[in-house]
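Participant: So I've got this file, target_16.cif, and it contains mmCIF, C-alpha atoms:
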data_target
#
loop_
_atom_site.label_atom_id
_atom_site.label_comp_id
_atom_site.auth_asym_id
_atom_site.auth_seq_id
_atom_site.Cartn_x
_atom_site.Cartn_y
_atom_site.Cartn_z
CA MET A 274 38.59 26.04 23.27
CA SER A 275 39.26 23.66 26.18
CA SER A 276 38.76 19.90 25.92
CA LYS A 277 36.73 20.07 29.14
CA TRP A 278 34.27 22.47 27.51
CA LEU A 279 34.04 20.25 24.43
CA LYS A 280 33.27 17.22 26.61
CA THR A 281 30.59 19.19 28.42
CA LEU A 282 29.10 20.35 25.10
CA GLY A 283 29.16 16.79 23.75
CA ALA A 284 27.43 15.45 26.84
CA GLY A 285 24.80 18.17 26.58
CA LEU A 286 24.11 17.35 22.95
CA ALA A 287 23.84 13.65 23.75
CA LEU A 288 21.33 14.39 26.51
CA SER A 289 19.41 16.67 24.18
CA VAL A 290 19.18 13.97 21.49
CA ALA A 291 18.16 11.38 24.07
CA ALA A 292 15.50 13.67 25.49
CA SER A 293 14.19 14.38 22.00
CA SER A 294 13.99 10.66 21.29
CA VAL A 295 12.19 9.96 24.54
CA SER A 296 9.70 12.76 23.99
CA ALA A 297 8.85 11.75 20.40
CA GLU A 298 5.18 10.86 20.16
CA THR A 299 4.44 7.20 19.42
CA LEU A 300 1.69 6.77 16.85
CA ARG A 301 -0.37 3.67 16.20
CA VAL A 302 0.29 2.62 12.60
CA VAL A 303 -1.55 -0.20 10.86
CA THR A 304 -1.05 -2.08 7.60
CA ASP A 305 -2.48 -5.06 5.72
CA PRO A 306 0.11 -7.88 5.60
CA SER A 307 -1.17 -9.39 2.33
CA PHE A 308 -0.50 -6.60 -0.18
CA VAL A 309 2.84 -7.63 -1.67
CA PRO A 310 5.26 -6.10 -2.47
CA PHE A 311 3.99 -3.10 -0.52
CA GLU A 312 3.72 -4.94 2.78
CA MET A 313 4.33 -8.57 3.65
CA MET A 314 5.62 -10.69 6.49
CA ASP A 315 9.23 -11.85 6.29
CA GLN A 316 8.85 -15.49 7.30
CA GLU A 317 12.41 -15.72 8.62
CA THR A 318 12.39 -12.63 10.83
CA GLY A 319 8.69 -12.27 11.52
CA GLU A 320 8.93 -8.58 10.59
CA MET A 321 6.88 -6.62 8.08
CA VAL A 322 8.84 -5.67 4.95
CA GLY A 323 8.00 -4.07 1.62
CA PHE A 324 7.77 -0.78 -0.23
CA ASP A 325 5.26 0.79 2.16
CA MET A 326 7.23 -0.35 5.19
CA GLU A 327 10.33 1.48 3.97
CA ILE A 328 8.29 4.56 3.09
CA ILE A 329 6.65 4.81 6.53
CA ALA A 330 10.01 4.29 8.26
CA GLU A 331 11.51 7.22 6.33
CA VAL A 332 8.43 9.40 6.85
CA ALA A 333 8.33 8.73 10.60
CA GLU A 334 12.01 9.57 11.05
CA ARG A 335 11.75 12.81 9.11
CA ALA A 336 8.34 13.87 10.46
CA GLY A 337 9.51 13.28 14.03
CA PHE A 338 7.36 10.49 15.41
CA ASP A 339 7.90 6.94 16.61
CA TYR A 340 5.35 4.29 15.75
CA ASP A 341 3.92 1.01 16.90
CA LEU A 342 3.11 -1.12 13.84
CA ASN A 343 0.25 -3.61 13.77
CA THR A 344 -1.58 -5.51 11.04
CA MET A 345 -5.23 -6.07 10.19
CA ASP A 346 -7.40 -7.05 7.23
CA PHE A 347 -7.72 -4.21 4.74
CA ASN A 348 -11.47 -4.04 5.23
CA GLY A 349 -11.00 -2.89 8.83
CA ILE A 350 -8.41 -0.17 8.23
CA ILE A 351 -10.64 2.80 7.35
CA PRO A 352 -13.12 2.02 10.17
CA ALA A 353 -10.21 1.79 12.64
CA LEU A 354 -9.01 5.24 11.59
CA GLN A 355 -12.54 6.59 11.70
CA THR A 356 -13.05 5.43 15.30
CA GLY A 357 -9.60 6.65 16.35
CA ASN A 358 -8.33 3.19 17.28
CA VAL A 359 -5.29 3.84 15.06
CA ASP A 360 -3.53 7.05 14.02
CA ILE A 361 -2.03 6.25 10.62
CA ALA A 362 -2.47 3.56 7.97
CA ILE A 363 -0.29 2.68 5.01
CA ALA A 364 -1.46 -0.24 2.91
CA GLY A 365 -1.66 0.78 -0.72
CA ILE A 366 -4.77 2.80 0.15
CA THR A 367 -6.36 4.46 -2.85
CA ILE A 368 -7.30 8.10 -2.31
CA THR A 369 -11.02 8.49 -2.99
CA GLU A 370 -13.50 11.27 -2.36
CA GLU A 371 -15.66 8.94 -0.27
CA ARG A 372 -12.79 7.88 1.98
CA GLY A 373 -11.61 11.48 2.21
CA GLU A 374 -14.84 12.40 3.98
CA ILE A 375 -13.98 10.23 7.00
CA VAL A 376 -10.15 10.18 7.07
CA ASP A 377 -7.36 12.55 6.07
CA PHE A 378 -4.93 11.62 3.30
CA SER A 379 -1.36 12.62 2.71
CA ASP A 380 -0.28 13.81 -0.71
CA PRO A 381 -0.15 10.88 -3.17
CA TYR A 382 2.99 8.77 -2.92
CA TYR A 383 2.31 6.11 -5.57
CA ASP A 384 0.45 6.09 -8.91
CA SER A 385 -1.44 2.89 -9.63
CA GLY A 386 -4.54 1.42 -11.29
CA LEU A 387 -6.40 -1.86 -11.67
CA ARG A 388 -5.51 -4.86 -13.87
CA ILE A 389 -6.96 -8.23 -14.81
CA LEU A 390 -5.08 -11.42 -13.92
CA VAL A 391 -5.98 -14.72 -15.61
CA ARG A 392 -4.44 -18.16 -16.05
CA THR A 393 -2.06 -18.49 -18.99
CA ASP A 394 -4.52 -20.70 -20.89
CA SER A 395 -7.27 -18.07 -20.70
CA ASP A 396 -8.43 -16.07 -23.74
CA MET A 397 -9.96 -13.25 -21.64
CA ASP A 398 -8.15 -9.96 -22.12
CA GLU A 399 -10.54 -7.08 -21.32
CA MET A 400 -13.31 -6.02 -18.95
CA SER A 401 -16.16 -7.10 -21.22
CA ASP A 402 -14.82 -10.67 -21.09
CA LEU A 403 -15.48 -10.75 -17.35
CA GLU A 404 -19.26 -10.48 -17.75
CA GLY A 405 -20.88 -13.52 -16.14
CA LYS A 406 -17.53 -15.01 -15.09
CA LYS A 407 -16.26 -15.94 -11.65
CA ILE A 408 -13.98 -13.11 -10.57
CA GLY A 409 -11.95 -12.76 -7.41
CA SER A 410 -11.44 -9.34 -5.83
CA LYS A 411 -10.66 -8.02 -2.38
CA ILE A 412 -13.13 -7.04 0.32
CA GLY A 413 -13.35 -3.27 0.78
CA SER A 414 -11.13 -2.50 -2.21
CA THR A 415 -11.67 -0.08 -5.07
CA SER A 416 -11.28 -3.04 -7.45
CA TYR A 417 -14.40 -4.64 -5.97
CA ASP A 418 -16.28 -1.33 -6.17
CA TYR A 419 -15.24 -0.92 -9.80
CA LEU A 420 -16.56 -4.36 -10.74
CA MET A 421 -19.86 -3.66 -9.02
CA LYS A 422 -20.26 -0.40 -10.95
CA THR A 423 -19.02 -1.67 -14.30
CA LEU A 424 -20.32 -5.20 -14.85
CA ASP A 425 -23.96 -5.78 -15.75
CA ASP A 426 -23.69 -9.43 -14.73
CA ASP A 427 -21.73 -9.34 -11.47
CA ASP A 428 -23.20 -12.36 -9.66
CA GLY A 429 -19.89 -14.19 -10.01
CA VAL A 430 -17.80 -11.53 -8.27
CA THR A 431 -16.37 -12.96 -5.04
CA PRO A 432 -14.69 -10.68 -2.48
CA TYR A 433 -11.78 -12.28 -0.59
CA PRO A 434 -10.19 -11.08 2.67
CA GLY A 435 -6.64 -11.20 1.32
CA SER A 436 -4.84 -11.19 -2.03
CA ALA A 437 -3.29 -14.60 -1.35
CA ASP A 438 -6.81 -16.05 -1.14
CA MET A 439 -7.72 -14.57 -4.52
CA TYR A 440 -4.63 -15.96 -6.19
CA MET A 441 -5.13 -19.41 -4.68
CA ALA A 442 -8.70 -19.39 -6.00
CA LEU A 443 -7.44 -18.48 -9.48
CA MET A 444 -4.75 -21.16 -9.48
CA SER A 445 -7.22 -23.81 -8.27
CA ARG A 446 -9.76 -22.73 -10.93
CA ALA A 447 -12.33 -21.65 -8.33
CA VAL A 448 -12.45 -18.30 -10.19
CA ASP A 449 -11.78 -17.43 -13.82
CA ALA A 450 -9.95 -14.16 -13.18
CA VAL A 451 -8.73 -11.80 -10.49
CA PHE A 452 -9.20 -8.05 -10.71
CA TYR A 453 -7.04 -6.03 -8.36
CA ASP A 454 -4.33 -3.38 -7.97
CA ALA A 455 -1.82 -3.40 -10.84
CA PRO A 456 1.44 -3.60 -8.85
CA ASN A 457 0.14 -6.47 -6.72
CA VAL A 458 -1.08 -8.66 -9.57
CA GLY A 459 2.05 -7.84 -11.55
CA TYR A 460 4.27 -8.89 -8.66
CA PHE A 461 2.41 -12.20 -8.27
CA ALA A 462 2.58 -12.89 -12.01
CA SER A 463 6.35 -12.43 -11.99
CA THR A 464 7.02 -14.45 -8.82
CA LYS A 465 4.83 -17.27 -7.46
CA GLY A 466 2.50 -17.24 -10.45
CA LYS A 467 5.22 -17.07 -13.10
CA GLY A 468 4.34 -19.25 -16.09
CA LYS A 469 0.91 -20.03 -14.63
CA VAL A 470 -0.87 -16.68 -14.78
CA LYS A 471 -0.65 -13.52 -16.85
CA VAL A 472 -1.71 -9.88 -16.56
CA VAL A 473 -3.98 -8.77 -19.40
CA GLY A 474 -5.87 -5.72 -20.61
CA PRO A 475 -5.25 -2.04 -20.05
CA LEU A 476 -4.79 -0.17 -16.79
CA TYR A 477 -8.26 0.58 -15.45
CA GLU A 478 -9.22 3.56 -13.29
CA GLY A 479 -5.93 5.34 -12.67
CA GLN A 480 -5.43 5.65 -8.94
CA GLN A 481 -3.11 7.22 -6.41
CA TYR A 482 -2.15 5.79 -3.05
CA GLY A 483 -1.93 7.97 0.03
CA ILE A 484 -1.02 7.54 3.68
CA ALA A 485 -4.29 7.69 5.61
CA LEU A 486 -4.57 9.48 8.96
CA LYS A 487 -7.43 9.89 11.37
CA LYS A 488 -9.56 12.94 10.59
CA GLY A 489 -8.08 16.18 11.87
CA SER A 490 -4.65 14.71 12.53
CA LYS A 491 -1.91 17.23 13.27
CA TRP A 492 0.53 14.96 11.43
CA VAL A 493 -0.79 15.54 7.91
CA GLY A 494 1.55 18.49 7.32
CA PRO A 495 4.71 16.82 8.71
CA VAL A 496 3.95 13.65 6.75
CA ASN A 497 3.57 15.63 3.51
CA GLU A 498 6.81 17.49 4.17
CA ALA A 499 8.61 14.19 4.77
CA LEU A 500 7.22 12.70 1.55
CA ALA A 501 8.33 15.75 -0.43
CA GLU A 502 11.78 15.51 1.12
CA ILE A 503 12.36 11.85 0.26
CA LYS A 504 11.26 12.50 -3.32
CA ASP A 505 13.56 15.52 -3.65
CA ASP A 506 16.68 13.84 -2.25
CA GLY A 507 16.37 10.60 -4.24
CA THR A 508 15.41 8.34 -1.33
CA TYR A 509 12.01 7.61 -2.86
CA LYS A 510 13.61 6.60 -6.18
CA THR A 511 15.96 4.20 -4.41
CA ILE A 512 13.13 2.53 -2.50
CA TYR A 513 10.89 2.40 -5.58
CA GLU A 514 13.48 0.72 -7.77
CA LYS A 515 14.32 -1.81 -5.06
CA TRP A 516 10.76 -3.16 -5.19
CA PHE A 517 9.48 -2.36 -8.69
CA GLY A 518 12.48 -1.92 -10.96
CA PRO A 519 13.24 1.23 -13.00
CA MET A 520 11.01 4.14 -12.08
CA PRO A 521 9.02 5.65 -14.98
CA GLU A 522 10.42 8.93 -16.25
CA ASP A 523 7.22 10.85 -15.54
CA LYS A 524 7.21 10.00 -11.84
#
Let me see the file written as structure tokens.

Facilitator:
Amino acid sequence: MSSKWLKTLGAGLALSVAASSVSAETLRVVTDPSFVPFEMMDQETGEMVGFDMEIIAEVAERAGFDYDLNTMDFNGIIPALQTGNVDIAIAGITITEERGEIVDFSDPYYDSGLRILVRTDSDMDEMSDLEGKKIGSKIGSTSYDYLMKTLDDDDGVTPYPGSADMYMALMSRAVDAVFYDAPNVGYFASTKGKGKVKVVGPLYEGQQYGIALKKGSKWVGPVNEALAEIKDDGTYKTIYEKWFGPMPEDK
């Protein structure tokens, strides 16, 4: 085989790869920057980092699309998908039957639930203790919906636009407890809130997170295939343990 032919073949492959890259469809992806450690702003680089950010990067590469990432408050994500202003959202979005009527979901990629967060001097440790108390939750979240359905005396439930706002309210004693997604409250309790707050009670309402896509998206299949691939080859485990520690055996 001549070196000239090899050079020609190499050039052709390079052009082919370049053309493939250029022709890759660019999708509009959105996330909520306040849901640590799933997505958060790196203050030094100004870039979004976190578990979800690494998952979507792997999924996009394997599914064959480029993406333009933007942020918005969680409460606006489902409506943005519904109107077609964005193509994909990844923001610790719980898969629910109601949401599934207006957007498409990928297969689940994270198992979660809801937990109670209180100050370390609090004696509250279960849902019944929250009756009549001031409780912080997040606008548009399943945690807020759960409180509305479960508590008889829910006048003290306050929805906040971001998780940082809820935690600040708890630390400043504006609320007595926070009720929100387990991994998020757990991360806060072990980092900025360490020694000041604690997670109590059981895991409420087992949930699964999915990547949300606008209804009828052609990318649901490729996204599911990419998720299956990263779980099979160990990439998911590596990313999981980077952000949450040892992965449970039943994952």

Participant: List, as a PyMOL selection string, every residue that the PyMOL selection byres ((chain A and resi 394-398) around 10) selects in the file provided.

Facilitator: chain A and resi 389-393+399-403+449-450+469-475

Participant: Taking all atoms listed in the file into account, name the residue in A:Asp339, A:Gly466, A:Lys487, A:Ser385 that is nearest to Ile361 of chain A.

Facilitator: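 Going through A:Asp339, A:Gly466, A:Lys487, A:Ser385 one by one, the smallest distance to Ile361 of chain A is for A:Lys487.
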
Participant: Which of these, A:Glu312, A:Asp454, A:Asp380, A:Glu374, has the shortest distance to Ser410 of chain A once you count all atoms listed in the file?

Facilitator: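 Residue with the minimum atom-to-atom distance to Ser410 of chain A: A:Asp454.
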
Participant: Report the distance between atom CA of Val430 of chain A and atom CA of Gly483 of chain A in Å, rounded to one decimal place.

Facilitator: 26.5 Å

Participant: Measure the distance from atom CA of Gly459 of chain A to atom CA of Lys515 of chain A in Å and round it to one decimal.

Facilitator: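 So the answer is 15.1 Å.
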
Participant: Rounded to one decimal, what separation in Å do you get between atom CA of Thr367 of chain A and atom CA of Thr415 of chain A?

Facilitator: 7.3 Å

Participant: Give me, as JSON lines, each residue of segment 298-397 of chain A that comes within 10 Å of segment 494-504 of chain A, together with its shortest interatomic pair and the distance in Å at one decimal, counting all atoms listed in the file, with rows ordered by chain and rising residue number.

Facilitator:
{"residue": "A:Ile328", "atom": "CA", "partner": "A:Leu500", "partner_atom": "CA", "distance": 8.4}
{"residue": "A:Ile329", "atom": "CA", "partner": "A:Val496", "partner_atom": "CA", "distance": 9.2}
{"residue": "A:Glu331", "atom": "CA", "partner": "A:Ile503", "partner_atom": "CA", "distance": 7.7}
{"residue": "A:Val332", "atom": "CA", "partner": "A:Ala499", "partner_atom": "CA", "distance": 5.2}
{"residue": "A:Ala333", "atom": "CA", "partner": "A:Val496", "partner_atom": "CA", "distance": 7.6}
{"residue": "A:Glu334", "atom": "CA", "partner": "A:Ala499", "partner_atom": "CA", "distance": 8.5}
{"residue": "A:Arg335", "atom": "CA", "partner": "A:Ala499", "partner_atom": "CA", "distance": 5.5}
{"residue": "A:Ala336", "atom": "CA", "partner": "A:Pro495", "partner_atom": "CA", "distance": 5.0}
{"residue": "A:Gly337", "atom": "CA", "partner": "A:Pro495", "partner_atom": "CA", "distance": 8.0}
{"residue": "A:Phe338", "atom": "CA", "partner": "A:Pro495", "partner_atom": "CA", "distance": 9.6}
{"residue": "A:Phe378", "atom": "CA", "partner": "A:Asn497", "partner_atom": "CA", "distance": 9.4}
{"residue": "A:Ser379", "atom": "CA", "partner": "A:Asn497", "partner_atom": "CA", "distance": 5.8}
{"residue": "A:Asp380", "atom": "CA", "partner": "A:Asn497", "partner_atom": "CA", "distance": 6.0}
{"residue": "A:Pro381", "atom": "CA", "partner": "A:Leu500", "partner_atom": "CA", "distance": 8.9}
{"residue": "A:Tyr382", "atom": "CA", "partner": "A:Leu500", "partner_atom": "CA", "distance": 7.3}

Participant: Please determine, counting all atoms listed in the file, which residue among A:Ile408, A:Leu300, A:Met441, A:Leu476 has the shortest atom-to-atom distance to Asp426 of chain A.

Facilitator: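 Once distances to Asp426 of chain A are computed over all atoms listed in the file, the minimum belongs to A:Ile408.
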
Participant: Using all atoms listed in the file, pick whichever of A:Met321, A:Ala485, A:Ala437, A:Ala447 has the shortest atom-to-atom distance to Lys407 of chain A.

Facilitator: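 Ranking A:Met321, A:Ala485, A:Ala437, A:Ala447 by distance to Lys407 of chain A, first place goes to A:Ala447.
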
Participant: Once you count only C-alpha atoms, what closest atom pair and distance in Å to one decimal does each residue of segment 408-479 of chain A within 7 Å of segment 344-352 of chain A have, with rows by chain and rising residue number, as JSON lines?

Facilitator:
{"residue": "A:Ile412", "atom": "CA", "partner": "A:Asn348", "partner_atom": "CA", "distance": 6.0}
{"residue": "A:Gly413", "atom": "CA", "partner": "A:Asn348", "partner_atom": "CA", "distance": 4.9}
{"residue": "A:Pro434", "atom": "CA", "partner": "A:Asp346", "partner_atom": "CA", "distance": 6.7}

Participant: Could you dump the residues just selected with C-alpha atoms as a PDB file, in the coordinates of the input?

Facilitator:
ATOM      1  CA  ILE A 412     -13.130  -7.040   0.320  1.00  0.00           C
ATOM      2  CA  GLY A 413     -13.350  -3.270   0.780  1.00  0.00           C
ATOM      3  CA  PRO A 434     -10.190 -11.080   2.670  1.00  0.00           C
TER       4      PRO A 434
END

Participant: Restricting the calculation to all atoms listed in the file, which member of A:Lys411, A:Phe452, A:Asp325, A:Met520 is positioned closest to Tyr477 of chain A?

Facilitator: A:Phe452

Participant: Under the rule that all atoms listed in the file are counted, which of A:Asn343, A:Asn358, A:Ser490, A:Asn457 is the nearest residue to Phe517 of chain A?

Facilitator: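 Counting all atoms listed in the file, the residue closest to Phe517 of chain A is A:Asn457.
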
Participant: Carefully work through the PyMOL selection byres ((chain A and resi 427) around 10) for this structure and note down the residues it includes, as a ChimeraX atom specification.

Facilitator: /A:403-408,420-426,428-431

Participant: Within 9 Å of Gly386 of chain A, counting only C-alpha atoms, which residues show up once you throw out same-chain ones fewer than 4 positions away? Write them as a PyMOL selection string, please.

Facilitator: chain A and resi 416+453-456+476-481
